[in-house]
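These notes concern the structure reproduced below.
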There are 2 protein chains.
Amino acid sequence: MTRARPSRNTRATEAPADDAVIVRQPRRGHGRPTLQDVATLAGVTSITVSRFLREPAIVAAPTAERIREALSETGYLPNRQAGHLASGGSQVVAALVPNLVQSIFAETVQGLSDGLQAAGHELLLAATGYSMEREEEQLRALIGWRPSAIVVTGRHHSADALLLLRNARRAGTPVIELWDQHPEDGGFTQIGFDHAEVGRAMAVHLLSLGHRQVAYVDSGVVGDLRAHERCTGFADRVRDAGLSLVSLTAPLGDPFDAGRQALRSLRQAAGGSVTAAAFANDQLACGALLEAQATGLSVPGELALMGFGDFPIGRQLNPGLSTIQPPRYAIGFEAAQALLQALRDGVDAPHRPLPWSLMPRGSTVATPA
Amino acid sequence: MTRARPSRNTRATEAPADDAVIVRQPRRGHGRPTLQDVATLAGVTSITVSRFLREPAIVAAPTAERIREALSETGYLPNRQAGHLASGGSQVVAALVPNLVQSIFAETVQGLSDGLQAAGHELLLAATGYSMEREEEQLRALIGWRPSAIVVTGRHHSADALLLLRNARRAGTPVIELWDQHPEDGGFTQIGFDHAEVGRAMAVHLLSLGHRQVAYVDSGVVGDLRAHERCTGFADRVRDAGLSLVSLTAPLGDPFDAGRQALRSLRQAAGGSVTAAAFANDQLACGALLEAQATGLSVPGELALMGFGDFPIGRQLNPGLSTIQPPRYAIGFEAAQALLQALRDGVDAPHRPLPWSLMPRGSTVATPA
DNA sequence: TTGTAAGCGTTATCAA
DNA sequence: TTGATAACGCTTACAA
């Protein structure tokens with residue numbers, strides 16, 4: 001790699017006549033053209049170039065032309081750090097999601113990115129791995145960038161993380177919580193839905209189909225609090241109906257395998273008594289569905305199954321997997337809107353409850369053969 | 001939201017006795033504690049605090065203690081923009097991948113992130129949507145952050161993007177290309193493998209099983225050049241064997257549906273003559289596999305199928321999907337190592353060909369019943 | 001061990 | 001319409 005820093009001679013005055021010719025030997029800097037380089041080449045001062053870049057109309061036409069040439073000749077690209085430092089505003093949104101690999105959050109990030117793109121904001125992304133300590137750590141790192149807004153997932157944070165978020169808001173940085181809808185006094189704007197309610201709806205779906213012995217397979221990921229809330233909602237609704245619930249937690253590892261394992265545990269523990277099971281997510285449910293098929297267990301005849309997330313694979317299987325379709329993309333896109341609004345108006349954006357829907361498919365509702 | 005900027009009185013000298021008391025009314029700044037605030041509180045100057053933060057050992061114990069207190073009292077978090085601007089080095093790696101949703105690149109990003117984490121570097125991420133223009137645009141935005149290294153996907157870039165990358169390298173910024181292995185003179189460090197070779201291996205696998213009428217279903221995503229290279233490699237190898245090839249392109253949209261559609265097209269176009277088909281990725285192949293099952297077509301008896309990517313779902317289906325397992329995570333992790341090495345040594349890191357493997361499963365190799 | 005001075009590359013403010 | 005000047009918050013270089 002050529003490591004020689006390009007000489008900065010261009011930055012010296014064009015005709016350093018009178019005094020001694022001082023060849024500036026910079027010991028700092030990134031070795032890239034600066035506003036000053038462009039200005040010197042165009043025969044103006046840097047502030048004029050700066051103005052041209054932000055509002056081309058306000059510089060005289062001939063000047064603008066010279067600047068345009070100098071810009072393309074130098075290949076100048078503005079230094080954002082310097083810009084943000086000087087202007088005190090960053091046009092950068094920091095976002096924290098649990099993870100990106102094979103996850104429900106990838107589309108949320110896409111929605112966020114799309115929503116911000118249009119407004120010329122950039123996205124600074126980090127993953128927490130469903131850990132609050134990790135969230136706090138990442139938050140500290142992200143705040144170092146002085147983002148114009150902060151987006152986090154869920155409403156539960158460590159005490160210190162909460163402090164960081166409150167401080168940020170006090171300093172005028174909007175804070176938005178994704179994938180949740182459980183407003184409290186003084187809380188941050190929430191864009192999402194109530195997971196306990198989803199859990200209840202899953203229970204209602206199964207009970208309304210006549211099932212009296214139902215099970216819930218919760219996520220093995222300790223930090224997946226929203227899954228646990230769905231579990232609680234499900235359990236409450238089942239108990240309200242005067243029924244008992246078989247509840248178990250899926251193992252970690254490949255979620256399809258975990259789902260298969262959960263189905264085996266279920267049959268072992270409960271024998272054939274359980275007639276319907278709800279899962280924390282579609283991957284677990286698909287695993288169980290495939291395991292049922294492999295072992296000749298009739299779905300939904302002997303066991304009805306449903307998931308959460310509406311991943312593409314669920315509709316492809318036969319029978320199709322009944323599931324909850326959450327507004328994956330919309331959560332991100334609406335968060336972008338809310339955040340832009342908060343920045344514009346200087347007040348917290350209102351909470352936005354977003355609709356989800358239950359998709360009944362063949363894994364719970366037998367189709368006429 | 002409380003918008004009042006906190007007053008900066010703390011920044012005035014503690015006892016502004018002699019002259020007039022000037023209450024500084026800042027019109028800029030982020031409204032967050034600065035090094036100066038901490039220093040004033042600790043009764044030292046800002047440089048001492050700065051030093052303490054980077055090398056706690058070199059300040060005197062009692063001073064350190066006062067600084068520590070002041071830090072926690074103010075909740076100070078360093079401003080990275082100012083830091084990088086002053087030091088001329090950024091500790092930030094910019095990475096460009098085609099996409100993150102349901103993609104093979106999510107794990108690569110995870111590997112990159114893990115590899116950088118340990119070295120205290122941060123990741124600035126953007127998606128190109130498999131478009132070169134978008135890549136160029138994103139590259140421009142990312143370079144604005146003056147990253148210490150740049151990571152892109154693949155070896156094909158627009159002319160202007162190539163210029164940007166070359167300039168970056170000339171300025172001492174390592175550039176790394178992921179998921180490819182096709183070194184040219186003066187090219188950038190590549191971490192990945194040769195896709196044409198993978199295509200040939202897929203052909204060899206099917207031919208060695210005795211198939212004489214084979215098909216390749218390419219990705220409908222125009223910008224997925226690596227898939228097209230696998231297609232070319234496959235086609236070459238088939239023609240080398242003196243055989244003809246049925247070649248088609250999957251439609252866009254849900255990849256499972258696209259795979260189903262492709263299978264239907266295949267049967268329509270080629271009748272029953274094709275006995276084996278390779279797909280650009282596992283999702284397409286899984287769709288085809290599910291379609292085959294739905295229509296009572298025996299796999300691999302009447303038609304053998306294979307994919308690329310080794311997505312978790314492939315092994316779950318019955319028969320399991322034969323596929324190529326690429327080093328998804330390793331590509332990211334090794335890229336991090338290469339880049340850190342390049343930064344350390346000041347020379348380009350060597351290319352790193354990474355191994356992939358062919359996973360024969362039931363969709364091509366009939367298991368003894 | 002601590003401080004002073006200068007500068008990183010840009011923008012806000014005011015003057016011309 | 002353009003420029004001079006002073007920040008922004010931090011670090012390097014050098015002095016004490």
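Chain lettering (A, B, ...) mirrors the order of the structure tokens, residue numbering begins at 1 for each chain separately, and ligand numbering begins at 1 in order of display.
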Can you check which parts of chain B lie within 9 Å of chain D? Per residue, the shortest pair of atoms and distance in Å to one decimal, counting only C-alpha atoms (C1' of nucleotides), sorted by chain and number, as CSV.
```
residue,atom,partner,partner_atom,distance
B:Arg28,CA,D:DC8,C1',7.3
B:Gly29,CA,D:DC8,C1',6.5
B:Thr34,CA,D:DG9,C1',7.0
B:Leu35,CA,D:DG9,C1',7.5
B:Gln36,CA,D:DG9,C1',8.6
B:Ile47,CA,D:DT11,C1',8.3
B:Ser50,CA,D:DT11,C1',8.1
B:Pro78,CA,D:DC10,C1',8.7
B:Asn79,CA,D:DG9,C1',6.9
B:Arg80,CA,D:DC10,C1',8.5
B:Gln81,CA,D:DG9,C1',8.3
B:Ala82,CA,D:DC10,C1',4.9
B:Gly83,CA,D:DC10,C1',4.8
B:His84,CA,D:DC10,C1',8.0
B:Leu85,CA,D:DC10,C1',7.6
B:Ala86,CA,D:DT11,C1',5.1
B:Ser87,CA,D:DT11,C1',5.5
```
For N, CA and C atoms, I'd like the residues from the last selection saved as a PDB file, in the first residue's frame.
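Written file, part-v1.pdb:
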```pdb
ATOM      1  N   ARG B  28     -23.711  27.456  20.249  1.00  0.00           N
ATOM      2  CA  ARG B  28     -23.379  26.218  19.568  1.00  0.00           C
ATOM      3  C   ARG B  28     -23.164  25.152  20.621  1.00  0.00           C
ATOM      4  N   GLY B  29     -22.739  24.006  20.185  1.00  0.00           N
ATOM      5  CA  GLY B  29     -22.454  22.950  21.139  1.00  0.00           C
ATOM      6  C   GLY B  29     -23.648  22.052  21.342  1.00  0.00           C
ATOM      7  N   THR B  34     -18.334  18.770  28.697  1.00  0.00           N
ATOM      8  CA  THR B  34     -17.111  18.640  27.914  1.00  0.00           C
ATOM      9  C   THR B  34     -15.937  18.360  28.842  1.00  0.00           C
ATOM     10  N   LEU B  35     -14.828  18.109  28.225  1.00  0.00           N
ATOM     11  CA  LEU B  35     -13.598  17.888  28.962  1.00  0.00           C
ATOM     12  C   LEU B  35     -13.345  19.074  29.894  1.00  0.00           C
ATOM     13  N   GLN B  36     -13.639  20.244  29.398  1.00  0.00           N
ATOM     14  CA  GLN B  36     -13.435  21.475  30.144  1.00  0.00           C
ATOM     15  C   GLN B  36     -14.277  21.490  31.419  1.00  0.00           C
ATOM     16  N   ILE B  47      -6.380  19.385  29.453  1.00  0.00           N
ATOM     17  CA  ILE B  47      -5.387  18.443  28.932  1.00  0.00           C
ATOM     18  C   ILE B  47      -5.068  17.356  29.955  1.00  0.00           C
ATOM     19  N   SER B  50      -7.765  14.900  29.726  1.00  0.00           N
ATOM     20  CA  SER B  50      -7.562  14.165  28.479  1.00  0.00           C
ATOM     21  C   SER B  50      -6.508  13.087  28.675  1.00  0.00           C
ATOM     22  N   PRO B  78     -16.767  11.192  26.146  1.00  0.00           N
ATOM     23  CA  PRO B  78     -15.930  11.891  25.160  1.00  0.00           C
ATOM     24  C   PRO B  78     -16.653  12.104  23.833  1.00  0.00           C
ATOM     25  N   ASN B  79     -16.391  13.198  23.201  1.00  0.00           N
ATOM     26  CA  ASN B  79     -16.926  13.492  21.877  1.00  0.00           C
ATOM     27  C   ASN B  79     -15.969  12.937  20.821  1.00  0.00           C
ATOM     28  N   ARG B  80     -16.411  11.862  20.157  1.00  0.00           N
ATOM     29  CA  ARG B  80     -15.534  11.191  19.197  1.00  0.00           C
ATOM     30  C   ARG B  80     -15.170  12.081  18.023  1.00  0.00           C
ATOM     31  N   GLN B  81     -16.109  12.886  17.596  1.00  0.00           N
ATOM     32  CA  GLN B  81     -15.843  13.716  16.424  1.00  0.00           C
ATOM     33  C   GLN B  81     -14.658  14.636  16.716  1.00  0.00           C
ATOM     34  N   ALA B  82     -14.737  15.273  17.886  1.00  0.00           N
ATOM     35  CA  ALA B  82     -13.655  16.184  18.260  1.00  0.00           C
ATOM     36  C   ALA B  82     -12.351  15.408  18.419  1.00  0.00           C
ATOM     37  N   GLY B  83     -12.451  14.258  19.039  1.00  0.00           N
ATOM     38  CA  GLY B  83     -11.265  13.448  19.256  1.00  0.00           C
ATOM     39  C   GLY B  83     -10.595  13.043  17.962  1.00  0.00           C
ATOM     40  N   HIS B  84     -11.380  12.542  17.036  1.00  0.00           N
ATOM     41  CA  HIS B  84     -10.824  12.091  15.767  1.00  0.00           C
ATOM     42  C   HIS B  84     -10.274  13.252  14.969  1.00  0.00           C
ATOM     43  N   LEU B  85     -10.990  14.354  15.034  1.00  0.00           N
ATOM     44  CA  LEU B  85     -10.540  15.523  14.292  1.00  0.00           C
ATOM     45  C   LEU B  85      -9.171  15.957  14.788  1.00  0.00           C
ATOM     46  N   ALA B  86      -9.038  15.962  16.102  1.00  0.00           N
ATOM     47  CA  ALA B  86      -7.783  16.422  16.684  1.00  0.00           C
ATOM     48  C   ALA B  86      -6.657  15.427  16.452  1.00  0.00           C
ATOM     49  N   SER B  87      -6.956  14.165  16.568  1.00  0.00           N
ATOM     50  CA  SER B  87      -5.883  13.175  16.487  1.00  0.00           C
ATOM     51  C   SER B  87      -5.595  12.738  15.068  1.00  0.00           C
TER      52      SER B  87
END
```
#### Entry: Test item: residues at most 10 Å from region 162-178 of chain B, only C-alpha atoms (C1' of nucleotides), excluding those fewer than 5 positions along its chain, as a VMD selection string
(chain A and resid 1 to 6 30 to 32 75 77) or (chain B and resid 93 to 97 105 108 136 139 to 140 143 146 to 157 186 to 193 331 to 332 334 to 336 338 to 343 346 to 349 351 to 352)
### Task
Using only C-alpha atoms (C1' of nucleotides), find the residues of chain C whose closest atom to chain B is at most 7 Å away, then write them as a PyMOL selection string.
chain C and resi 1-2+8
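CA of Leu305 (chain A) sits 9.9 Å away from CA of Ala292 (chain A).
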### Message
Quick one: residues within 9 Å of Ser219 (chain B), only C-alpha atoms (C1' of nucleotides), excluding same-chain residues fewer than 5 positions away - as a count of residues only?
### Response
12
